[in-house]
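> My structure file model30.txt, compact mmCIF, C-alpha atoms, is below:
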# COMPACT_ATOMS: atom_id res chain seq x y z
CA MET B 136 0.00 0.00 0.00
CA LYS B 137 2.82 2.37 0.94
CA VAL B 138 4.50 1.69 -2.37
CA ARG B 139 1.28 2.42 -4.22
CA ILE B 140 0.84 5.75 -2.42
CA MET B 141 4.44 6.70 -3.14
CA ILE B 142 3.99 5.86 -6.81
CA ILE B 143 0.81 7.94 -7.00
CA ILE B 144 2.59 10.89 -5.36
CA ALA B 145 5.51 10.54 -7.76
CA ILE B 146 3.15 10.49 -10.76
CA LEU B 147 1.35 13.58 -9.52
CA LEU B 148 4.64 15.41 -9.03
CA ALA B 149 5.89 14.30 -12.42
CA GLY B 150 2.76 15.53 -14.15
CA SER B 151 2.72 19.04 -12.77
CA VAL B 152 5.18 20.81 -15.00
CA PRO B 153 4.31 24.29 -16.21
CA LEU B 154 4.66 24.91 -19.90
CA LEU B 155 7.74 26.63 -21.19
CA GLY B 156 8.35 25.95 -24.81
CA HIS B 157 9.14 28.05 -27.80
CA HIS B 158 5.87 26.73 -29.22
CA SER B 159 3.22 24.23 -28.30
CA PHE B 160 3.99 20.64 -29.34
CA ALA B 161 0.46 20.37 -30.67
CA ALA B 162 0.90 23.33 -33.03
CA GLU B 163 3.48 21.39 -35.03
CA PHE B 164 3.27 17.66 -34.38
CA ASP B 165 0.64 14.94 -34.57
CA ALA B 166 0.46 12.90 -31.36
CA SER B 167 -1.31 10.06 -33.17
CA LYS B 168 1.66 9.50 -35.47
CA SER B 169 4.40 8.03 -33.32
CA LEU B 170 7.33 6.44 -35.08
CA ARG B 171 10.87 5.19 -34.59
CA LEU B 172 13.68 6.18 -36.89
CA THR B 173 17.14 4.63 -36.98
CA GLY B 174 19.71 6.31 -39.13
CA ALA B 175 23.14 7.77 -39.65
CA LEU B 176 23.70 11.42 -38.85
CA THR B 177 24.28 13.56 -41.92
CA LYS B 178 23.93 17.00 -40.34
CA ILE B 179 23.87 18.39 -36.82
CA GLU B 180 22.48 21.82 -36.02
CA TRP B 181 23.25 22.63 -32.37
CA THR B 182 21.19 25.81 -32.52
CA ASN B 183 18.41 27.81 -30.91
CA PRO B 184 15.51 27.74 -30.63
CA HIS B 185 15.84 23.99 -31.35
CA THR B 186 18.54 21.54 -32.20
CA TYR B 187 18.12 19.49 -35.37
CA PHE B 188 19.55 16.13 -36.27
CA TYR B 189 19.32 15.05 -39.89
CA ILE B 190 19.59 11.35 -40.51
CA ASP B 191 19.55 8.94 -43.44
CA VAL B 192 17.04 6.18 -42.77
CA LYS B 193 17.22 2.99 -44.82
CA GLU B 194 13.80 1.68 -45.81
CA GLU B 195 12.98 -2.04 -46.10
CA ASP B 196 13.39 -1.88 -49.87
CA GLY B 197 16.88 -0.45 -49.48
CA THR B 198 16.09 3.13 -50.43
CA VAL B 199 17.48 5.84 -48.18
CA VAL B 200 15.16 8.56 -46.93
CA LYS B 201 16.32 11.76 -45.28
CA TRP B 202 14.58 12.83 -42.05
CA GLY B 203 14.88 15.87 -39.83
CA CYS B 204 14.55 15.42 -36.08
CA GLU B 205 13.66 18.43 -33.94
CA ALA B 206 14.82 18.44 -30.33
CA GLY B 207 15.05 20.88 -27.46
CA SER B 208 17.39 23.84 -27.30
CA PRO B 209 21.12 23.28 -26.73
CA GLY B 210 20.62 24.50 -23.17
CA ALA B 211 17.84 21.98 -22.50
CA LEU B 212 19.86 19.06 -23.89
CA THR B 213 23.00 20.09 -22.04
CA ARG B 214 21.12 20.17 -18.74
CA ARG B 215 20.09 16.58 -19.42
CA GLY B 216 23.68 15.51 -19.96
CA PHE B 217 23.48 15.41 -23.77
CA LYS B 218 26.46 17.43 -25.03
CA ARG B 219 27.39 18.54 -28.49
CA GLY B 220 30.43 16.26 -28.40
CA ASP B 221 28.35 13.14 -27.75
CA ILE B 222 27.54 12.77 -31.46
CA LYS B 223 29.34 13.18 -34.77
CA LEU B 224 28.45 12.84 -38.40
CA GLY B 225 28.09 9.20 -39.41
CA ASP B 226 26.99 8.02 -35.96
CA THR B 227 23.81 5.99 -35.83
CA ILE B 228 21.09 7.25 -33.51
CA VAL B 229 17.60 6.02 -32.76
CA VAL B 230 14.89 8.62 -32.49
CA ASP B 231 11.40 7.95 -31.14
CA GLY B 232 8.93 10.73 -31.71
CA TYR B 233 5.96 12.15 -33.54
CA ARG B 234 5.65 13.28 -37.14
CA ALA B 235 4.92 16.87 -38.17
CA LYS B 236 1.27 17.63 -38.86
CA ASP B 237 2.11 19.05 -42.28
CA GLY B 238 3.31 15.60 -43.41
CA SER B 239 6.91 16.61 -43.98
CA ARG B 240 9.73 14.25 -43.00
CA LEU B 241 10.26 16.00 -39.70
CA ILE B 242 9.69 14.45 -36.30
CA ASP B 243 9.71 15.72 -32.76
CA ALA B 244 12.52 13.78 -31.11
CA ARG B 245 10.89 12.88 -27.80
CA ARG B 246 13.50 10.23 -27.05
CA VAL B 247 16.98 9.91 -28.49
CA THR B 248 19.15 6.83 -28.09
CA LEU B 249 22.75 7.95 -28.42
CA PRO B 250 25.58 5.93 -29.96
CA ASP B 251 26.85 5.05 -26.47
CA GLY B 252 23.45 3.60 -25.53
CA ARG B 253 22.30 6.42 -23.31
CA ILE B 254 18.69 7.41 -23.68
CA VAL B 255 17.90 11.09 -23.31
CA SER B 256 14.80 13.17 -23.69
CA GLY B 257 14.90 15.33 -26.79
CA ALA B 258 11.68 17.08 -25.84
CA SER B 259 11.48 20.82 -25.88
CA ALA B 260 11.12 21.84 -22.26
CA GLY B 261 7.50 21.99 -21.20
CA ASP B 262 5.96 22.01 -24.66
CA GLY B 263 2.89 20.09 -23.53
CA GLY B 264 3.82 17.11 -25.68
CA PRO B 265 3.48 13.46 -24.66
CA GLY B 266 5.12 12.80 -21.29
CA ASN B 267 5.45 16.52 -20.69
CA GLN B 268 2.02 17.79 -19.81
CA MET I 9 -1.77 -9.52 -10.51
CA ARG I 10 -3.69 -6.25 -10.30
CA ASN I 11 -0.82 -4.79 -8.30
CA LEU I 12 1.64 -5.93 -10.92
CA VAL I 13 -0.39 -4.27 -13.68
CA PHE I 14 -0.71 -1.10 -11.63
CA VAL I 15 3.02 -0.91 -10.94
CA SER I 16 3.84 -1.61 -14.59
CA VAL I 17 1.54 1.15 -15.79
CA ALA I 18 2.89 3.52 -13.13
CA LEU I 19 6.48 2.83 -14.11
CA TRP I 20 5.65 3.37 -17.80
CA VAL I 21 4.03 6.72 -16.99
CA LEU I 22 6.91 7.67 -14.73
CA SER I 23 9.57 6.71 -17.24
CA SER I 24 7.93 8.77 -19.99
CA ALA I 25 7.45 11.67 -17.61
CA ALA I 26 11.01 11.37 -16.36
CA LEU I 27 12.30 11.78 -19.89
CA ALA I 28 10.95 15.29 -19.86
CA GLN I 29 11.37 16.01 -16.16
CA ASP I 30 14.99 16.94 -15.96
CA ASN I 31 14.06 20.53 -16.28
CA PRO I 32 15.45 22.88 -13.69
CA LEU I 33 13.77 25.91 -15.28
CA THR I 34 10.88 25.56 -12.85
CA VAL I 35 10.93 24.52 -9.22
CA VAL I 36 8.75 23.12 -6.50
CA ASP I 37 8.10 26.00 -4.12
CA VAL I 38 9.17 24.76 -0.70
CA LYS I 39 7.81 27.26 1.80
CA SER I 40 10.12 27.90 4.73
CA ALA I 41 9.04 28.96 8.20
CA ASN I 42 12.37 30.79 8.53
CA ALA I 43 12.25 32.88 5.40
CA LYS I 44 15.11 35.30 4.90
CA PRO I 45 14.05 38.95 4.98
CA THR I 46 13.40 40.97 1.84
CA PRO I 47 16.63 42.61 0.66
CA ARG I 48 16.44 46.38 0.26
CA THR I 49 18.23 48.95 -1.83
CA ALA I 50 20.08 51.93 -0.36
CA ASP I 51 16.98 54.07 -0.68
CA GLY I 52 14.96 51.62 1.40
CA HIS I 53 12.81 50.04 -1.31
CA PRO I 54 12.58 46.27 -1.68
CA ASP I 55 15.20 45.07 -4.15
CA LEU I 56 13.43 42.94 -6.77
CA SER I 57 16.72 42.03 -8.47
CA GLY I 58 17.32 38.35 -9.05
CA TYR I 59 16.91 35.37 -11.37
CA TRP I 60 13.34 34.19 -10.94
CA LYS I 61 11.96 30.74 -11.71
CA GLY I 62 8.34 29.68 -12.04
CA THR I 63 6.80 27.23 -9.63
CA ARG I 64 5.32 23.87 -10.49
CA ASP I 65 2.02 24.78 -8.85
CA THR I 66 1.41 27.60 -11.33
CA VAL I 67 -1.29 25.79 -13.29
CA PRO I 68 -2.43 25.88 -15.95
CA GLY I 69 0.78 27.41 -17.26
CA GLY I 70 0.63 29.93 -20.05
CA ASN I 71 -3.10 30.54 -19.52
CA ILE I 72 -4.04 34.13 -18.64
CA GLY I 73 -7.40 32.90 -17.30
CA LYS I 74 -5.63 30.79 -14.65
CA ASP I 75 -7.28 32.57 -11.71
CA LEU I 76 -10.79 32.82 -13.16
CA PRO I 77 -13.62 30.40 -12.26
CA GLY I 78 -13.66 27.65 -14.86
CA LEU I 79 -10.71 29.41 -16.58
CA LYS I 80 -13.42 31.43 -18.35
CA LEU I 81 -12.28 34.76 -19.78
CA PRO I 82 -14.96 37.48 -20.02
CA LEU I 83 -14.72 37.94 -23.79
CA THR I 84 -16.84 40.48 -25.62
CA PRO I 85 -18.25 39.41 -29.02
CA ALA I 86 -15.31 41.22 -30.64
CA GLY I 87 -12.95 39.40 -28.28
CA GLU I 88 -14.53 36.05 -29.16
CA ALA I 89 -14.08 36.83 -32.85
CA ALA I 90 -10.45 37.79 -32.23
CA LEU I 91 -9.87 34.53 -30.36
CA GLN I 92 -11.33 32.51 -33.23
CA HIS I 93 -9.10 34.44 -35.63
CA ASN I 94 -6.05 33.68 -33.51
CA LEU I 95 -6.97 30.00 -33.29
CA THR I 96 -7.69 29.49 -36.97
CA ALA I 97 -5.61 32.03 -38.87
CA THR I 98 -2.50 32.98 -36.88
CA ILE I 99 0.71 31.20 -35.96
CA ASP I 100 1.92 31.76 -32.40
CA PRO I 101 3.79 35.08 -32.72
CA GLU I 102 6.36 34.02 -30.13
CA SER I 103 7.26 30.96 -32.19
CA LEU I 104 7.93 33.34 -35.09
CA CYS I 105 10.38 35.19 -32.86
CA ILE I 106 8.07 38.11 -32.19
CA ILE I 107 8.18 39.57 -28.67
CA GLY I 108 5.51 38.06 -26.44
CA GLY I 109 5.00 41.29 -24.51
CA ILE I 110 3.04 41.88 -21.36
CA PRO I 111 1.11 40.24 -19.79
CA ARG I 112 2.16 37.15 -21.78
CA HIS I 113 5.68 37.11 -20.37
CA ASN I 114 4.25 37.08 -16.85
CA ALA I 115 2.36 33.88 -17.73
CA SER I 116 5.39 32.19 -19.29
CA GLY I 117 7.09 29.22 -17.69
CA LEU I 118 10.52 30.54 -18.61
CA PRO I 119 12.67 32.17 -15.93
CA PHE I 120 13.51 35.85 -16.12
CA GLU I 121 15.89 38.24 -14.44
CA ILE I 122 15.32 41.64 -12.82
CA LEU I 123 17.99 44.28 -12.40
CA GLN I 124 16.75 47.19 -10.31
CA GLY I 125 18.20 50.66 -10.13
CA ALA I 126 16.96 53.72 -8.29
CA LYS I 127 15.24 55.24 -11.31
CA LYS I 128 14.82 52.33 -13.69
CA VAL I 129 14.10 48.64 -13.47
CA ALA I 130 15.02 46.15 -16.20
CA PHE I 131 13.25 42.86 -16.83
CA LEU I 132 15.41 40.50 -18.90
CA TYR I 133 13.81 37.54 -20.64
CA TRP I 134 14.70 34.41 -22.59
CA TYR I 135 14.79 35.03 -26.35
CA THR I 136 17.10 37.92 -25.41
CA TYR I 137 14.19 40.31 -24.93
CA PHE I 138 14.04 43.02 -22.30
CA ARG I 139 11.88 45.82 -21.01
CA LEU I 140 13.26 48.89 -19.28
CA ILE I 141 10.83 50.73 -17.06
CA PRO I 142 11.29 54.20 -15.58
CA ILE I 143 10.46 54.52 -11.89
CA ASP I 144 9.05 58.01 -11.62
CA ALA I 145 5.87 58.94 -9.75
CA THR I 146 5.64 62.26 -11.59
CA ARG I 147 5.71 60.79 -15.09
CA LYS I 148 2.46 60.56 -17.06
CA HIS I 149 1.51 58.45 -20.05
CA SER I 150 1.85 60.01 -23.49
CA ASP I 151 -1.28 61.17 -25.28
CA ASP I 152 -0.75 58.77 -28.15
CA PRO I 153 2.12 56.37 -27.48
CA ASP I 154 3.55 54.39 -30.35
CA PRO I 155 2.11 50.88 -30.06
CA SER I 156 4.58 48.30 -28.78
CA PHE I 157 4.58 44.75 -27.46
CA PHE I 158 5.43 45.71 -23.87
CA GLY I 159 3.46 48.96 -24.08
CA GLU I 160 4.41 52.31 -22.64
CA GLU I 161 5.38 51.35 -19.10
CA ILE I 162 5.74 53.67 -16.12
CA GLY I 163 6.71 52.52 -12.64
CA HIS I 164 6.23 54.00 -9.21
CA TRP I 165 6.41 52.81 -5.63
CA GLU I 166 3.36 52.44 -3.39
CA GLY I 167 4.97 51.49 -0.08
CA ASP I 168 6.80 48.22 -0.70
CA THR I 169 4.98 47.57 -3.97
CA LEU I 170 6.42 48.48 -7.36
CA VAL I 171 3.48 49.42 -9.57
CA ILE I 172 3.97 49.29 -13.35
CA ASP I 173 1.21 50.88 -15.39
CA SER I 174 1.21 50.17 -19.12
CA ILE I 175 -0.81 51.32 -22.14
CA GLY I 176 -0.06 51.70 -25.85
CA PHE I 177 -0.02 48.07 -27.00
CA LYS I 178 -0.05 46.55 -30.45
CA ASP I 179 -3.18 44.82 -31.68
CA GLU I 180 -1.64 42.58 -34.34
CA LYS I 181 0.81 39.70 -34.06
CA VAL I 182 0.00 39.40 -30.36
CA TRP I 183 -1.46 36.63 -28.26
CA ILE I 184 -2.15 37.59 -24.65
CA ASP I 185 -1.07 34.10 -23.59
CA GLU I 186 0.10 30.78 -25.00
CA ASN I 187 -3.49 29.61 -25.56
CA ALA I 188 -3.96 32.24 -28.31
CA ASN I 189 -6.29 34.44 -26.27
CA PRO I 190 -6.43 37.95 -27.73
CA HIS I 191 -5.84 41.49 -26.63
CA SER I 192 -6.52 44.75 -28.45
CA ASP I 193 -4.77 48.10 -28.60
CA ALA I 194 -7.07 49.22 -25.77
CA LEU I 195 -5.17 46.96 -23.35
CA HIS I 196 -4.24 48.52 -20.02
CA VAL I 197 -2.10 46.47 -17.63
CA VAL I 198 -1.31 47.30 -14.02
CA GLU I 199 1.30 45.08 -12.41
CA ARG I 200 1.88 45.24 -8.65
CA TRP I 201 5.24 43.60 -7.81
CA THR I 202 6.28 42.65 -4.29
CA ARG I 203 9.09 40.63 -2.76
CA PRO I 204 7.58 39.19 0.43
CA ASP I 205 10.87 37.54 1.45
CA ALA I 206 14.30 36.97 -0.03
CA ASP I 207 13.29 33.88 -1.98
CA HIS I 208 9.98 34.93 -3.53
CA ILE I 209 8.66 37.56 -5.88
CA HIS I 210 4.98 38.06 -6.56
CA VAL I 211 2.85 39.95 -9.06
CA GLU I 212 -0.81 40.88 -8.99
CA THR I 213 -1.79 41.87 -12.51
CA LEU I 214 -4.92 43.79 -13.44
CA ILE I 215 -5.86 43.41 -17.09
CA GLU I 216 -8.32 45.80 -18.69
CA ASP I 217 -9.30 45.71 -22.34
CA PRO I 218 -12.82 47.05 -22.93
CA LYS I 219 -12.71 46.13 -26.63
CA PHE I 220 -12.14 42.42 -26.03
CA TYR I 221 -13.15 41.82 -22.38
CA THR I 222 -16.40 42.79 -20.68
CA LYS I 223 -14.68 43.53 -17.37
CA PRO I 224 -11.18 43.75 -15.90
CA PHE I 225 -9.69 40.54 -14.54
CA LYS I 226 -6.64 39.56 -12.50
CA TYR I 227 -3.68 37.25 -12.95
CA SER I 228 -1.42 36.49 -9.97
CA ARG I 229 1.84 34.64 -9.88
CA THR I 230 4.77 33.83 -7.58
CA TRP I 231 8.34 32.98 -8.62
CA VAL I 232 11.21 31.52 -6.60
CA LEU I 233 14.77 32.89 -6.54
CA GLY I 234 17.22 30.85 -8.58
CA LYS I 235 20.55 29.60 -7.28
CA PRO I 236 23.40 32.12 -7.10
CA ASP I 237 25.11 30.72 -10.19
CA GLU I 238 21.96 30.70 -12.34
CA GLU I 239 21.39 33.46 -14.84
CA LEU I 240 19.93 34.06 -18.27
CA GLN I 241 21.72 32.46 -21.19
CA GLU I 242 21.74 33.45 -24.84
CA TYR I 243 18.69 32.14 -26.66
CA ALA I 244 18.69 33.44 -30.20
CA CYS I 245 15.16 32.75 -31.40
CA SER I 246 15.81 33.61 -35.03
CA GLU I 247 19.10 31.70 -35.32
CA ASN I 248 17.59 28.60 -36.90
CA ASN I 249 13.83 28.80 -36.67
CA VAL I 250 13.04 25.81 -38.88
CA ASP I 251 9.68 25.58 -37.08
CA LYS I 252 8.18 28.55 -38.76
CA ASP I 253 7.58 26.59 -41.97
CA HIS I 254 5.89 23.71 -40.16
CA LEU I 255 3.69 25.31 -37.53
CA GLY I 256 -0.06 25.25 -37.89
CA PHE I 257 -2.47 27.98 -36.84
CA GLY I 258 -3.30 28.33 -33.17
CA PRO I 259 -1.75 26.42 -30.28
CA GLY I 260 -3.32 23.05 -31.22
CA PRO I 261 -5.81 21.28 -28.97
CA ILE I 262 -6.44 22.73 -25.50
CA ARG I 263 -7.28 20.21 -22.79
CA PRO I 264 -10.15 20.65 -20.31
CA ASP I 265 -7.59 21.64 -17.65
CA GLY I 266 -6.60 24.68 -19.73
CA THR I 267 -3.24 23.36 -20.90
CA ARG I 268 -2.15 22.76 -24.48
CA GLY I 269 -1.72 19.33 -25.99
CA TYR I 270 -3.38 16.05 -26.86
CA LEU I 271 -5.35 13.97 -24.38
CA ASP I 272 -4.46 10.57 -25.80
CA PRO I 273 -1.10 10.55 -27.59
CA ALA I 274 -0.02 7.33 -29.26
CA PRO I 275 2.65 5.62 -27.14
CA LEU I 276 6.23 5.49 -28.31
CA LEU I 277 7.82 2.10 -28.80
CA PRO I 278 9.56 0.82 -25.67
CA PRO I 279 13.21 1.80 -25.30
CA ILE I 280 15.38 -0.48 -27.39
CA GLN I 281 17.83 -1.36 -24.65
CA LYS I 282 18.25 -1.02 -20.97
CA SER I 283 20.22 2.01 -19.97
CA PRO I 284 19.95 4.74 -17.37
CA VAL I 285 17.20 7.18 -18.22
CA LYS I 286 18.67 10.67 -18.19
Rewrite the structure of this file - the entire thing - as structure tokens.

Amino acid sequence: MKVRIMIIIAILLAGSVPLLGHHSFAAEFDASKSLRLTGALTKIEWTNPHTYFYIDVKEEDGTVVKWGCEAGSPGALTRRGFKRGDIKLGDTIVVDGYRAKDGSRLIDARRVTLPDGRIVSGASAGDGGPGNQ
Amino acid sequence: MRNLVFVSVALWVLSSAALAQDNPLTVVDVKSANAKPTPRTADGHPDLSGYWKGTRDTVPGGNIGKDLPGLKLPLTPAGEAALQHNLTATIDPESLCIIGGIPRHNASGLPFEILQGAKKVAFLYWYTYFRLIPIDATRKHSDDPDPSFFGEEIGHWEGDTLVIDSIGFKDEKVWIDENANPHSDALHVVERWTRPDADHIHVETLIEDPKFYTKPFKYSRTWVLGKPDEELQEYACSENNVDKDHLGFGPGPIRPDGTRGYLDPAPLLPPIQKSPVK
């Protein structure tokens, strides 16, 4: 019972984050379109207001498709222990996120699995997106 | 078995929340019975200077109707039409690197910094925006101030309260909050800033806009002092604003609790390997 109460308290605390972001998640991304991308980094933009990772994703038929992955600001990622030097062109990363509402090959990188196996949140701080309400 | 299911669900929720939780931009406001006294400037006024962070109990964030019953803003018909326009035909001006202005910045979750002098006070914001307010009880508003995002702002002291009175706002490319609520050029904002102790700053905001709101309403907020080594960092909004070509109109869905976002997002696939969640 104690454990259950502690878990409930933890969930309540975790859910009560005010919103901060540059823009609302829901203004750009479709929360019904989750997907996982695995690809090699072709371009890294460690910039404000968001960082972008561009990756080449190999489809089942062998064709290579370019995707852009939008993540939080450099400051947000750095606070989570994800530094610019953790990735380089050619590295393979796994990005779990949600596709842009306009149908372009751009996803919100909610979760990034780095080459060293670490998993970090790529979410823009407090954008109201999944897991960040 | 039920317990096992409950714990599994709880851990899944916690792990997804934890991914986005490592965010020291806001804090849990831990009230202390032994609060340190309000610092004061040489002329005896409270010193509002500091790096101020929002609290986690400021809910719903980014919603100027936070303190109203049912979060219901008293919109006039023209205000309702302006809201619908904002929702269906405008992109969030802040996401296009346009200054949010007042009172929107007071409803933001982002920290800000105050530097107070004897005759001026500066509010410094993320996105590298600022407002510089004269403190002068003899100064009057202009007859026809040039419209601006922060308005024509004049400060004066009423006891330990710094009052900032602002008129002369823009009526285009502005949302009054992150939910796309509107304001007109008839906006009049009166902010009453206090620092009740060393670790807290508080504002009571009176918002009047007879074009878009049937009556004045209030928005109150408390922030907590950041750590000594925390300060604003560069945040160049227009450096690489790829977003601007992908954003839709309005803020997207607004939940019943007044926050922005979807109620039932599709889950992500489970993490591909076990590793510490950062």
> Please indicate the distance in Å from CA of Gly207 (chain B) to CA of Phe157 (chain I), rounded to one decimal place.
26.1 Å
> Can you pull out every residue within 7 Å of Ala194 (chain I), counting all atoms listed in the file, but drop anything in the same chain fewer than 5 positions away, and send it as a list in words?
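So the residues in contact are Asp217, Pro218 and Lys219 of chain I.
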> Residues near region 233-242 of chain B, anyone? I mean within 10 Å using only C-alpha atoms, not counting same-chain ones fewer than 4 positions away, as a PyMOL selection string.
(chain B and resi 160-172+187-189+200-206+264-265) or (chain I and resi 251+253-256+273-276)
> With only C-alpha atoms as the counted atoms, please give the residues lying no more than 12 Å from Pro236 (chain I), apart from itself and same-chain residues fewer than 6 positions off, as a list in words.
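Counting only the stated atoms, we get Gly58, Tyr59, Trp60 and Asp207 of chain I.
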> When distances are computed from all atoms listed in the file, which of B:Ala211, B:Val192, B:Ile179, B:Leu224 shows the smallest separation from chain I?
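That would be B:Ala211, the residue with the smallest distance to chain I.
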> Rounded to one decimal in Å, what is the spacing between CA of Ala43 (chain I) and CA of Phe131 (chain I)?
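That distance, rounded to one decimal, is 24.4 Å.
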